[in-house]
>>> print(open('structure-v1.txt').read())   # compact mmCIF, C-alpha atoms (C1' of nucleotides) and all ligand atoms
# COMPACT_ATOMS: atom_id res chain seq x y z
CA MET A 1 0.00 0.00 0.00
CA VAL A 2 1.37 3.35 -1.04
CA SER A 3 1.24 6.26 1.43
CA LYS A 4 -1.81 8.44 0.87
CA THR A 5 -2.91 11.88 2.05
CA VAL A 6 -6.37 10.81 3.11
CA VAL A 7 -5.59 7.76 5.19
CA THR A 8 -9.20 7.18 6.20
CA ALA A 9 -12.00 9.17 4.55
CA PHE A 10 -15.44 9.96 5.93
CA GLN A 11 -17.46 6.93 4.88
CA SER A 12 -20.34 7.14 2.43
CA ALA A 13 -23.69 5.41 2.87
CA GLY A 14 -22.78 2.38 0.80
CA HIS A 15 -19.59 1.67 2.72
CA ASP A 16 -18.92 -2.05 3.10
CA HIS A 17 -17.57 -2.00 6.61
CA GLN A 18 -17.40 -5.74 7.03
CA ARG A 19 -14.92 -5.80 4.20
CA CYS A 20 -13.14 -2.71 5.53
CA LEU A 21 -12.77 -4.38 8.93
CA GLU A 22 -11.50 -7.68 7.59
CA ASP A 23 -8.99 -5.87 5.37
CA ALA A 24 -7.70 -3.90 8.32
CA LEU A 25 -7.31 -7.03 10.43
CA ALA A 26 -5.59 -8.92 7.65
CA TYR A 27 -3.26 -6.02 7.05
CA ALA A 28 -2.50 -5.78 10.76
CA ALA A 29 -1.73 -9.48 10.95
CA GLU A 30 0.59 -9.21 7.99
CA THR A 31 2.30 -6.12 9.40
CA CYS A 32 2.90 -7.75 12.77
CA ALA A 33 4.20 -10.94 11.14
CA ARG A 34 6.64 -8.94 9.05
CA ARG A 35 7.88 -7.13 12.16
CA GLY A 36 8.15 -10.26 14.25
CA VAL A 37 5.73 -9.04 16.91
CA ARG A 38 2.81 -11.02 18.23
CA LEU A 39 -0.74 -10.04 17.37
CA THR A 40 -2.21 -12.32 19.99
CA ARG A 41 -5.86 -13.35 20.13
CA LEU A 42 -6.51 -10.74 22.79
CA ARG A 43 -4.80 -7.94 20.90
CA GLU A 44 -6.55 -8.85 17.69
CA GLN A 45 -9.88 -8.86 19.47
CA VAL A 46 -9.26 -5.39 20.87
CA LEU A 47 -8.20 -4.21 17.42
CA ARG A 48 -11.41 -5.67 15.98
CA LEU A 49 -13.44 -3.80 18.59
CA VAL A 50 -11.63 -0.53 17.90
CA TRP A 51 -12.39 -1.05 14.22
CA GLY A 52 -16.07 -1.68 15.00
CA ASN A 53 -16.91 1.55 13.22
CA HIS A 54 -15.22 4.76 12.15
CA GLU A 55 -15.76 6.44 15.48
CA PRO A 56 -13.30 6.79 18.34
CA VAL A 57 -13.84 4.17 21.03
CA LYS A 58 -13.23 4.64 24.75
CA ALA A 59 -11.14 2.23 26.78
CA TYR A 60 -13.89 1.33 29.22
CA ASP A 61 -16.35 0.73 26.40
CA LEU A 62 -13.82 -1.65 24.91
CA LEU A 63 -13.52 -3.29 28.28
CA GLU A 64 -17.25 -3.82 28.49
CA SER A 65 -17.41 -5.28 24.98
CA LEU A 66 -14.40 -7.43 25.63
CA ARG A 67 -16.02 -8.92 28.71
CA ARG A 68 -18.80 -10.40 26.61
CA ASP A 69 -16.51 -13.24 25.60
CA HIS A 70 -13.52 -12.71 27.84
CA GLU A 71 -14.76 -12.97 31.38
CA GLY A 72 -11.81 -11.84 33.45
CA ALA A 73 -10.97 -8.71 31.50
CA ALA A 74 -9.86 -5.79 33.67
CA PRO A 75 -8.55 -2.30 32.85
CA PRO A 76 -4.95 -3.48 32.36
CA THR A 77 -6.17 -6.07 29.88
CA VAL A 78 -7.47 -3.32 27.63
CA TYR A 79 -4.77 -0.74 28.26
CA ARG A 80 -1.96 -3.21 27.54
CA ALA A 81 -3.56 -4.21 24.26
CA LEU A 82 -4.07 -0.56 23.37
CA ASP A 83 -0.43 0.21 24.22
CA PHE A 84 0.71 -2.54 21.90
CA LEU A 85 -1.56 -1.42 19.07
CA LEU A 86 -0.48 2.21 19.51
CA LYS A 87 3.19 1.26 19.49
CA GLU A 88 2.75 -0.72 16.30
CA GLY A 89 0.81 2.14 14.72
CA LEU A 90 -2.31 0.03 14.24
CA ILE A 91 -4.44 2.53 16.11
CA HIS A 92 -4.20 6.16 17.13
CA ARG A 93 -5.21 7.88 20.34
CA ILE A 94 -7.46 10.93 20.05
CA GLU A 95 -6.22 13.11 22.89
CA SER A 96 -9.13 15.49 22.91
CA LEU A 97 -11.58 12.60 23.40
CA ASN A 98 -9.58 10.10 25.47
CA ALA A 99 -10.44 7.60 22.80
CA TYR A 100 -8.90 5.34 20.19
CA ILE A 101 -9.39 4.77 16.50
CA GLY A 102 -8.04 2.37 13.94
CA CYS A 103 -5.35 3.50 11.54
CA GLY A 104 -5.92 2.73 7.90
CA ASP A 105 -2.25 2.79 7.03
CA PRO A 106 0.07 1.30 9.64
CA SER A 107 2.75 0.66 7.03
CA SER A 108 4.83 3.68 8.04
CA PRO A 109 4.80 5.39 11.42
CA HIS A 110 2.93 8.68 11.44
CA THR A 111 0.91 10.77 13.83
CA GLY A 112 -2.02 11.66 11.60
CA GLN A 113 -4.33 14.62 11.40
CA PHE A 114 -7.82 13.87 12.61
CA LEU A 115 -11.10 15.41 11.48
CA ILE A 116 -13.73 14.72 14.10
CA CYS A 117 -17.41 15.26 13.40
CA ARG A 118 -19.03 16.54 16.56
CA LYS A 119 -22.48 15.60 15.27
CA CYS A 120 -22.05 11.95 14.20
CA ASN A 121 -18.70 11.31 15.91
CA SER A 122 -17.15 9.86 12.79
CA VAL A 123 -13.49 10.55 12.15
CA ALA A 124 -11.38 10.91 9.04
CA GLU A 125 -7.61 10.69 9.12
CA LEU A 126 -5.26 12.72 6.97
CA ASN A 127 -1.55 12.36 6.71
CA ASP A 128 -0.96 15.47 4.67
CA PRO A 129 2.72 16.19 4.15
CA GLU A 130 2.14 19.89 3.45
CA ILE A 131 0.59 20.36 6.87
CA GLY A 132 3.28 18.36 8.59
CA GLU A 133 6.07 20.16 6.77
CA LEU A 134 4.68 23.65 7.27
CA ILE A 135 4.47 23.03 10.99
CA ALA A 136 7.91 21.46 11.02
CA SER A 137 9.42 24.46 9.25
CA LYS A 138 7.62 27.00 11.47
CA THR A 139 8.76 25.33 14.65
CA LYS A 140 12.26 24.84 13.37
CA GLN A 141 12.47 28.58 12.72
CA ILE A 142 12.16 29.24 16.40
CA GLY A 143 14.69 26.57 17.36
CA PHE A 144 12.25 23.89 18.45
CA LYS A 145 13.16 20.27 17.71
CA MET A 146 9.75 18.78 17.15
CA ASP A 147 9.31 15.04 17.44
CA HIS A 148 5.58 14.56 17.65
CA GLN A 149 2.48 16.32 16.37
CA THR A 150 -1.02 16.12 17.82
CA ILE A 151 -3.50 17.59 15.34
CA GLU A 152 -7.19 17.14 16.04
CA LEU A 153 -9.80 19.15 14.18
CA SER A 154 -13.35 19.34 15.35
CA GLY A 155 -16.30 20.26 13.14
CA ILE A 156 -19.07 18.89 10.95
CA CYS A 157 -18.46 16.20 8.35
CA PRO A 158 -19.84 16.36 4.80
CA LYS A 159 -22.59 13.84 5.53
CA CYS A 160 -23.87 15.80 8.52
CA SER A 161 -23.75 19.20 6.84
CA GLY A 162 -25.18 18.01 3.52
CA MET B 1 -2.20 44.74 21.98
CA VAL B 2 -1.93 43.76 18.33
CA SER B 3 -2.29 40.08 17.37
CA LYS B 4 1.07 38.35 17.07
CA THR B 5 2.28 35.06 15.63
CA VAL B 6 4.30 34.06 18.67
CA VAL B 7 1.79 34.64 21.44
CA THR B 8 4.10 33.32 24.15
CA ALA B 9 7.75 32.58 23.39
CA PHE B 10 10.07 30.19 25.19
CA GLN B 11 11.45 32.34 27.98
CA SER B 12 15.11 33.27 28.22
CA ALA B 13 17.19 33.17 31.41
CA GLY B 14 16.69 36.84 32.27
CA HIS B 15 12.93 36.68 31.98
CA ASP B 16 11.20 38.90 34.54
CA HIS B 17 8.33 36.64 35.36
CA GLN B 18 6.99 38.71 38.20
CA ARG B 19 6.37 41.47 35.72
CA CYS B 20 5.06 39.02 33.14
CA LEU B 21 2.57 37.65 35.67
CA GLU B 22 1.34 41.02 36.85
CA ASP B 23 0.89 42.17 33.27
CA ALA B 24 -1.15 39.10 32.45
CA LEU B 25 -3.36 39.59 35.50
CA ALA B 26 -3.87 43.27 34.77
CA TYR B 27 -4.70 42.50 31.18
CA ALA B 28 -7.14 39.79 32.26
CA ALA B 29 -8.86 42.17 34.67
CA GLU B 30 -9.18 44.78 31.97
CA THR B 31 -10.49 42.25 29.44
CA CYS B 32 -13.13 40.95 31.84
CA ALA B 33 -14.21 44.45 32.79
CA ARG B 34 -14.61 45.35 29.13
CA ARG B 35 -16.74 42.26 28.54
CA GLY B 36 -18.85 42.73 31.64
CA VAL B 37 -17.89 39.40 33.18
CA ARG B 38 -16.68 38.95 36.72
CA LEU B 39 -13.07 38.05 37.41
CA THR B 40 -13.81 37.16 41.01
CA ARG B 41 -11.17 36.78 43.70
CA LEU B 42 -11.29 33.00 43.30
CA ARG B 43 -11.00 33.08 39.53
CA GLU B 44 -8.17 35.56 39.69
CA GLN B 45 -6.36 33.41 42.19
CA VAL B 46 -6.65 30.37 39.94
CA LEU B 47 -5.45 32.44 37.00
CA ARG B 48 -2.49 33.59 39.08
CA LEU B 49 -1.64 29.98 39.91
CA VAL B 50 -1.91 28.90 36.27
CA TRP B 51 0.44 31.75 35.41
CA GLY B 52 2.90 30.64 38.10
CA ASN B 53 5.35 29.71 35.35
CA HIS B 54 5.36 28.91 31.67
CA GLU B 55 4.54 25.25 32.19
CA PRO B 56 1.17 23.57 31.96
CA VAL B 57 -0.45 23.08 35.36
CA LYS B 58 -2.73 20.21 36.36
CA ALA B 59 -6.11 20.78 37.96
CA TYR B 60 -5.33 18.83 41.11
CA ASP B 61 -2.03 20.65 41.56
CA LEU B 62 -3.97 23.88 41.34
CA LEU B 63 -6.38 22.51 43.90
CA GLU B 64 -3.55 21.73 46.29
CA SER B 65 -2.03 25.20 45.88
CA LEU B 66 -5.40 26.83 46.20
CA ARG B 67 -6.04 25.09 49.49
CA ARG B 68 -3.09 26.86 51.08
CA ASP B 69 -5.21 29.95 51.52
CA HIS B 70 -8.66 28.74 50.62
CA GLU B 71 -9.48 25.99 53.03
CA GLY B 72 -12.65 24.50 51.62
CA ALA B 73 -11.52 24.19 48.01
CA ALA B 74 -12.78 21.06 46.27
CA PRO B 75 -12.50 19.82 42.67
CA PRO B 76 -15.50 21.82 41.45
CA THR B 77 -13.93 24.95 42.88
CA VAL B 78 -11.01 24.55 40.52
CA TYR B 79 -12.85 23.17 37.52
CA ARG B 80 -15.42 25.96 37.58
CA ALA B 81 -12.74 28.59 37.68
CA LEU B 82 -10.89 26.83 34.85
CA ASP B 83 -14.09 26.65 32.79
CA PHE B 84 -14.59 30.37 33.20
CA LEU B 85 -10.98 31.17 32.28
CA LEU B 86 -11.14 28.85 29.26
CA LYS B 87 -14.38 30.39 28.07
CA GLU B 88 -12.93 33.88 28.33
CA GLY B 89 -9.79 32.75 26.52
CA LEU B 90 -7.54 33.64 29.46
CA ILE B 91 -6.08 30.16 29.54
CA HIS B 92 -5.82 27.19 27.20
CA ARG B 93 -6.19 23.50 27.89
CA ILE B 94 -3.39 21.22 26.68
CA GLU B 95 -5.28 18.08 25.71
CA SER B 96 -2.26 15.83 25.46
CA LEU B 97 -1.28 16.65 29.05
CA ASN B 98 -4.63 17.20 30.76
CA ALA B 99 -3.21 20.50 31.88
CA TYR B 100 -3.77 24.23 31.59
CA ILE B 101 -1.62 27.19 30.61
CA GLY B 102 -2.07 30.93 30.55
CA CYS B 103 -2.76 32.68 27.26
CA GLY B 104 -0.64 35.71 26.50
CA ASP B 105 -3.20 37.25 24.19
CA PRO B 106 -6.81 36.85 25.26
CA SER B 107 -7.87 39.87 23.19
CA SER B 108 -9.29 37.76 20.37
CA PRO B 109 -10.51 34.18 20.63
CA HIS B 110 -8.12 31.64 19.18
CA THR B 111 -7.12 28.04 19.74
CA GLY B 112 -3.35 28.39 19.61
CA GLN B 113 -0.56 26.08 18.51
CA PHE B 114 1.47 24.76 21.40
CA LEU B 115 5.14 23.79 21.44
CA ILE B 116 5.78 21.62 24.45
CA CYS B 117 9.30 20.84 25.63
CA ARG B 118 9.39 17.30 26.93
CA LYS B 119 12.61 17.98 28.80
CA CYS B 120 11.84 21.16 30.79
CA ASN B 121 8.03 21.15 30.31
CA SER B 122 7.98 24.76 29.20
CA VAL B 123 5.48 25.72 26.54
CA ALA B 124 5.43 28.33 23.80
CA GLU B 125 2.23 29.38 22.06
CA LEU B 126 1.95 30.30 18.42
CA ASN B 127 -1.07 31.67 16.66
CA ASP B 128 0.30 31.37 13.16
CA PRO B 129 -2.29 32.26 10.53
CA GLU B 130 -0.49 30.30 7.80
CA ILE B 131 -0.84 27.09 9.77
CA GLY B 132 -4.44 27.79 10.64
CA GLU B 133 -5.33 28.70 7.09
CA LEU B 134 -3.54 25.79 5.46
CA ILE B 135 -5.43 23.40 7.69
CA ALA B 136 -8.68 25.25 7.11
CA SER B 137 -8.24 25.05 3.35
CA LYS B 138 -7.26 21.37 3.38
CA THR B 139 -10.22 20.37 5.47
CA LYS B 140 -12.60 22.53 3.47
CA GLN B 141 -11.45 20.71 0.33
CA ILE B 142 -12.93 17.53 1.66
CA GLY B 143 -16.16 19.15 2.77
CA PHE B 144 -15.40 19.40 6.46
CA LYS B 145 -16.72 22.44 8.34
CA MET B 146 -13.99 22.91 10.90
CA ASP B 147 -14.75 24.92 14.01
CA HIS B 148 -11.90 24.08 16.36
CA GLN B 149 -8.23 23.11 16.04
CA THR B 150 -6.16 21.26 18.62
CA ILE B 151 -2.48 21.53 17.68
CA GLU B 152 0.08 20.35 20.21
CA LEU B 153 3.68 19.79 19.22
CA SER B 154 6.05 17.91 21.43
CA GLY B 155 9.84 18.20 21.27
CA ILE B 156 12.87 19.96 22.70
CA CYS B 157 12.96 23.71 23.20
CA PRO B 158 15.95 25.89 22.20
CA LYS B 159 17.17 26.23 25.78
CA CYS B 160 17.23 22.47 26.34
CA SER B 161 18.87 21.60 23.03
CA GLY B 162 21.44 24.41 23.16
C1' DC C 1 12.91 -30.25 28.94
C1' DA C 2 14.62 -26.67 31.69
C1' DA C 3 15.49 -21.70 31.51
C1' DT C 4 14.09 -17.38 30.01
C1' DT C 5 11.15 -13.90 28.51
C1' DA C 6 6.71 -12.14 26.90
C1' DA C 7 1.89 -11.98 27.85
C1' DT C 8 -1.96 -12.09 30.78
C1' DG C 9 -4.55 -12.36 35.40
C1' DT C 10 -5.83 -9.98 39.50
C1' DA C 11 -6.39 -6.57 43.17
C1' DA C 12 -5.71 -2.27 44.51
C1' DT C 13 -5.11 2.42 43.84
C1' DG C 14 -4.07 6.77 41.52
C1' DT C 15 -5.67 10.58 38.54
C1' DT C 16 -8.96 13.49 36.15
C1' DA C 17 -13.61 15.30 35.90
C1' DT C 18 -18.66 15.89 36.71
C1' DA C 19 -23.39 15.58 38.98
C1' DA C 20 -26.56 17.21 42.19
C1' DC C 21 -28.21 20.04 45.49
C1' DA C 22 -27.50 23.62 49.18
C1' DT C 23 -26.06 28.20 50.32
C1' DC C 24 -24.26 32.65 49.61
C1' DG C 25 -23.72 37.09 47.62
C1' DA C 26 -24.05 40.66 44.01
C1' DC C 27 -27.25 43.28 41.59
C1' DC C 28 -31.66 45.18 40.29
C1' DC C 29 -35.75 47.26 41.18
C1' DA C 30 -39.61 48.57 43.62
C1' DT D 1 -34.11 49.45 52.35
C1' DG D 2 -36.28 45.01 51.55
C1' DG D 3 -37.16 41.31 48.62
C1' DG D 4 -36.47 38.95 44.23
C1' DT D 5 -33.37 37.03 40.84
C1' DC D 6 -29.45 35.05 39.09
C1' DG D 7 -24.68 34.03 39.11
C1' DA D 8 -21.04 32.16 42.07
C1' DT D 9 -19.47 29.11 45.49
C1' DG D 10 -19.79 25.22 49.11
C1' DT D 11 -20.27 20.37 49.84
C1' DT D 12 -20.74 15.51 49.15
C1' DA D 13 -20.60 11.92 46.29
C1' DT D 14 -19.45 9.48 42.25
C1' DA D 15 -18.15 8.85 37.41
C1' DA D 16 -14.54 8.27 34.01
C1' DC D 17 -9.84 7.38 32.78
C1' DA D 18 -5.39 5.12 33.77
C1' DT D 19 -1.44 2.85 36.28
C1' DT D 20 1.19 0.06 39.84
C1' DA D 21 2.57 -4.14 41.63
C1' DC D 22 2.83 -8.71 41.93
C1' DA D 23 1.21 -13.50 40.63
C1' DT D 24 0.51 -16.79 36.96
C1' DT D 25 0.60 -18.66 32.42
C1' DA D 26 2.20 -19.24 27.71
C1' DA D 27 5.70 -18.91 24.13
C1' DT D 28 10.45 -19.14 22.76
C1' DT D 29 15.02 -20.57 23.08
C1' DG D 30 19.07 -23.31 24.04
ZN ZN E 201 -15.14 0.95 7.38
ZN ZN E 202 -2.97 6.65 10.97
ZN ZN E 203 6.75 34.83 32.30
ZN ZN E 204 -3.67 31.76 23.44
>>> encode(input="structure-v1.txt", output="structure tokens", more="lines below")
Ligand SMILES: [Zn+2]
Ligand SMILES: [Zn+2]
Ligand SMILES: [Zn+2]
Ligand SMILES: [Zn+2]
Amino acid sequence: MVSKTVVTAFQSAGHDHQRCLEDALAYAAETCARRGVRLTRLREQVLRLVWGNHEPVKAYDLLESLRRDHEGAAPPTVYRALDFLLKEGLIHRIESLNAYIGCGDPSSPHTGQFLICRKCNSVAELNDPEIGELIASKTKQIGFKMDHQTIELSGICPKCSG
Amino acid sequence: MVSKTVVTAFQSAGHDHQRCLEDALAYAAETCARRGVRLTRLREQVLRLVWGNHEPVKAYDLLESLRRDHEGAAPPTVYRALDFLLKEGLIHRIESLNAYIGCGDPSSPHTGQFLICRKCNSVAELNDPEIGELIASKTKQIGFKMDHQTIELSGICPKCSG
DNA sequence: CAATTAATGTAATGTTATAACATCGACCCA
DNA sequence: TGGGTCGATGTTATAACATTACATTAATTG
């Protein structure tokens, strides 16, 4: 998969999410295999839950879902899986929501630029190099050595404003 | 005060923070008076504590400080004051740190772009129109009606890398 | 098959934030 | 000046988010 500016678009009505989900899981499995890290049953299940839709998911909601077929799940169960998935770039954390969302392109590490619809809660992810580079150059000008960007944009998505 | 790109710079060694603090408080008082809102003793005290230095401050640290001369302070005491100060644009919330920092230019509402040093914890605030407008134009292109930006950049400040 | 390390289980606790209702105090207007 | 109104604060409890610490189990390696 080649790097793209719109990593995950706002989804249209006809979106085949079952397919979208299975693709993401297959791609994650492949990515982990290539890297020699273990996408265990538990981690895969959490990833599947995060990918349940295109909305950010909260840790304790994941915990509740997880408990449906994983009786002993506790907060560390979820947070450890999330830490792994974050580290491998399979999901992103949305700081302004304390929530997590699947990444459509874990091939190369990136921080992403998130468009969050405050009406329907859906999220699109950009990885726009112009934005990243403009910010990098502006911060460099004032002597700042940037190593991470958090960019979260709140508003109304095309579907909700249409 | 005219709008500036670097709202709050990284501070140099000789920085007269006492002066900086008093200016900010005076400016806040003036701004509130102009708007007809009440910068009460409590709110001013919280603002003073947030402006204690150029590092983000956590709500429960504020609470602890506040209790030194305000015996009955409880979480709502702090959070209500913070809500007021946020609404009036006198402080900003740093989402990635769950912390709060004074705004050097509350004259016009803005969201700010924060440079956060992960070594010394100091923060600089930009309000760079090029960044804001590039992001606005990119998001508009895909039909997103943006109404709020969260931009938080982590790295090493000039003082710490020098 | 032991030894080692990674992953998960389990209990407790720490940290951040809000809800709900009571009281107080500033301000306005008879 | 007294009473009404509304914004601000007090107070108690709890919700929501996250980590520590230590025990146990599973995978990997020699
Ligand atoms: Zn989908
Ligand atoms: Zn991504
Ligand atoms: Zn200062
Ligand atoms: Zn500001």
>>> closest_atom_pairs(input="structure-v1.txt", of="region 48-153 of chain A", to="region 5-15 of chain C", cutoff="9 Å", atoms="only C-alpha atoms (C1' of nucleotides)", output="tab-separated table")
residue	atom	partner	partner_atom	distance
A:Gly72	CA	C:DG9	C1'	7.5
A:Ala73	CA	C:DG9	C1'	8.4
A:Ala74	CA	C:DT10	C1'	8.2
A:Thr77	CA	C:DT8	C1'	7.4
>>> interface_residues(input="structure-v1.txt", of="chain B", to="chain D", cutoff="12 Å", atoms="all atoms listed in the file", output="PDB file with C-alpha atoms, keeping the file's coordinate frame")
ATOM      1  CA  VAL B  37     -17.890  39.400  33.180  1.00  0.00           C
ATOM      2  CA  ARG B  38     -16.680  38.950  36.720  1.00  0.00           C
ATOM      3  CA  LEU B  39     -13.070  38.050  37.410  1.00  0.00           C
ATOM      4  CA  THR B  40     -13.810  37.160  41.010  1.00  0.00           C
ATOM      5  CA  ARG B  41     -11.170  36.780  43.700  1.00  0.00           C
ATOM      6  CA  LEU B  42     -11.290  33.000  43.300  1.00  0.00           C
ATOM      7  CA  ARG B  43     -11.000  33.080  39.530  1.00  0.00           C
ATOM      8  CA  HIS B  70      -8.660  28.740  50.620  1.00  0.00           C
ATOM      9  CA  GLU B  71      -9.480  25.990  53.030  1.00  0.00           C
ATOM     10  CA  GLY B  72     -12.650  24.500  51.620  1.00  0.00           C
ATOM     11  CA  ALA B  73     -11.520  24.190  48.010  1.00  0.00           C
ATOM     12  CA  ALA B  74     -12.780  21.060  46.270  1.00  0.00           C
ATOM     13  CA  PRO B  75     -12.500  19.820  42.670  1.00  0.00           C
ATOM     14  CA  PRO B  76     -15.500  21.820  41.450  1.00  0.00           C
ATOM     15  CA  THR B  77     -13.930  24.950  42.880  1.00  0.00           C
ATOM     16  CA  VAL B  78     -11.010  24.550  40.520  1.00  0.00           C
ATOM     17  CA  TYR B  79     -12.850  23.170  37.520  1.00  0.00           C
ATOM     18  CA  ARG B  80     -15.420  25.960  37.580  1.00  0.00           C
ATOM     19  CA  ALA B  81     -12.740  28.590  37.680  1.00  0.00           C
ATOM     20  CA  PHE B  84     -14.590  30.370  33.200  1.00  0.00           C
ATOM     21  CA  ASN B  98      -4.630  17.200  30.760  1.00  0.00           C
TER      22      ASN B  98
END
>>> residues_near_ligand(input="structure-v1.txt", ligand="ligand ZN 201 (chain E)", cutoff="12 Å", atoms="all atoms listed in the file", output="CSV table (one decimal) with C-alpha atoms, in the frame of the given file")
chain,number,residue,atom,x,y,z
A,7,VAL,CA,-5.6,7.8,5.2
A,8,THR,CA,-9.2,7.2,6.2
A,9,ALA,CA,-12.0,9.2,4.6
A,10,PHE,CA,-15.4,10.0,5.9
A,11,GLN,CA,-17.5,6.9,4.9
A,12,SER,CA,-20.3,7.1,2.4
A,13,ALA,CA,-23.7,5.4,2.9
A,14,GLY,CA,-22.8,2.4,0.8
A,15,HIS,CA,-19.6,1.7,2.7
A,16,ASP,CA,-18.9,-2.0,3.1
A,17,HIS,CA,-17.6,-2.0,6.6
A,18,GLN,CA,-17.4,-5.7,7.0
A,19,ARG,CA,-14.9,-5.8,4.2
A,20,CYS,CA,-13.1,-2.7,5.5
A,21,LEU,CA,-12.8,-4.4,8.9
A,22,GLU,CA,-11.5,-7.7,7.6
A,23,ASP,CA,-9.0,-5.9,5.4
A,24,ALA,CA,-7.7,-3.9,8.3
A,25,LEU,CA,-7.3,-7.0,10.4
A,48,ARG,CA,-11.4,-5.7,16.0
A,50,VAL,CA,-11.6,-0.5,17.9
A,51,TRP,CA,-12.4,-1.0,14.2
A,52,GLY,CA,-16.1,-1.7,15.0
A,53,ASN,CA,-16.9,1.6,13.2
A,54,HIS,CA,-15.2,4.8,12.2
A,55,GLU,CA,-15.8,6.4,15.5
A,101,ILE,CA,-9.4,4.8,16.5
A,102,GLY,CA,-8.0,2.4,13.9
A,103,CYS,CA,-5.4,3.5,11.5
A,104,GLY,CA,-5.9,2.7,7.9
A,122,SER,CA,-17.2,9.9,12.8
A,123,VAL,CA,-13.5,10.6,12.2
A,124,ALA,CA,-11.4,10.9,9.0
>>> axis_aligned_box(input="structure-v1.txt", around="region 3-7 of chain C", padding_each_side="5 Å", output="AutoDock Vina command-line options")
--center_x 8.7 --center_y -16.8 --center_z 29.2 --size_x 23.6 --size_y 19.7 --size_z 14.6
>>> closest_residue(input="structure-v1.txt", among="B:Ser96, B:Val57, B:Glu125, B:Gly162", to="chain A", atoms="all atoms listed in the file")
B:Ser96
>>> residues_near_ligand(input="structure-v1.txt", ligand="ligand ZN 202 (chain E)", cutoff="12 Å", atoms="all atoms listed in the file", output="JSON, numbers by chain")
{"A": [3, 4, 5, 6, 7, 8, 9, 24, 85, 86, 87, 88, 89, 90, 91, 92, 93, 94, 100, 101, 102, 103, 104, 105, 106, 107, 108, 109, 110, 111, 112, 113, 114, 115, 123, 124, 125, 126, 127, 128, 150, 151]}
>>> interface_residues(input="structure-v1.txt", of="chain B", to="chain A", cutoff="8 Å", atoms="only C-alpha atoms", output="tab-separated table (two decimals) with C-alpha atoms, in the coordinates of the input")
chain	number	residue	atom	x	y	z
B	95	GLU	CA	-5.28	18.08	25.71
B	96	SER	CA	-2.26	15.83	25.46
B	115	LEU	CA	5.14	23.79	21.44
B	131	ILE	CA	-0.84	27.09	9.77
B	134	LEU	CA	-3.54	25.79	5.46
B	135	ILE	CA	-5.43	23.40	7.69
B	139	THR	CA	-10.22	20.37	5.47
B	142	ILE	CA	-12.93	17.53	1.66
B	143	GLY	CA	-16.16	19.15	2.77
B	144	PHE	CA	-15.40	19.40	6.46
B	145	LYS	CA	-16.72	22.44	8.34
B	146	MET	CA	-13.99	22.91	10.90
B	147	ASP	CA	-14.75	24.92	14.01
B	148	HIS	CA	-11.90	24.08	16.36
B	149	GLN	CA	-8.23	23.11	16.04
B	150	THR	CA	-6.16	21.26	18.62
B	151	ILE	CA	-2.48	21.53	17.68
B	152	GLU	CA	0.08	20.35	20.21
B	153	LEU	CA	3.68	19.79	19.22
B	154	SER	CA	6.05	17.91	21.43
B	155	GLY	CA	9.84	18.20	21.27
B	156	ILE	CA	12.87	19.96	22.70
B	157	CYS	CA	12.96	23.71	23.20
B	158	PRO	CA	15.95	25.89	22.20
B	161	SER	CA	18.87	21.60	23.03
>>> atom_distance(input="structure-v1.txt", atom1="CA of Leu66 (chain B)", atom2="CA of Leu49 (chain B)")
8.0 Å
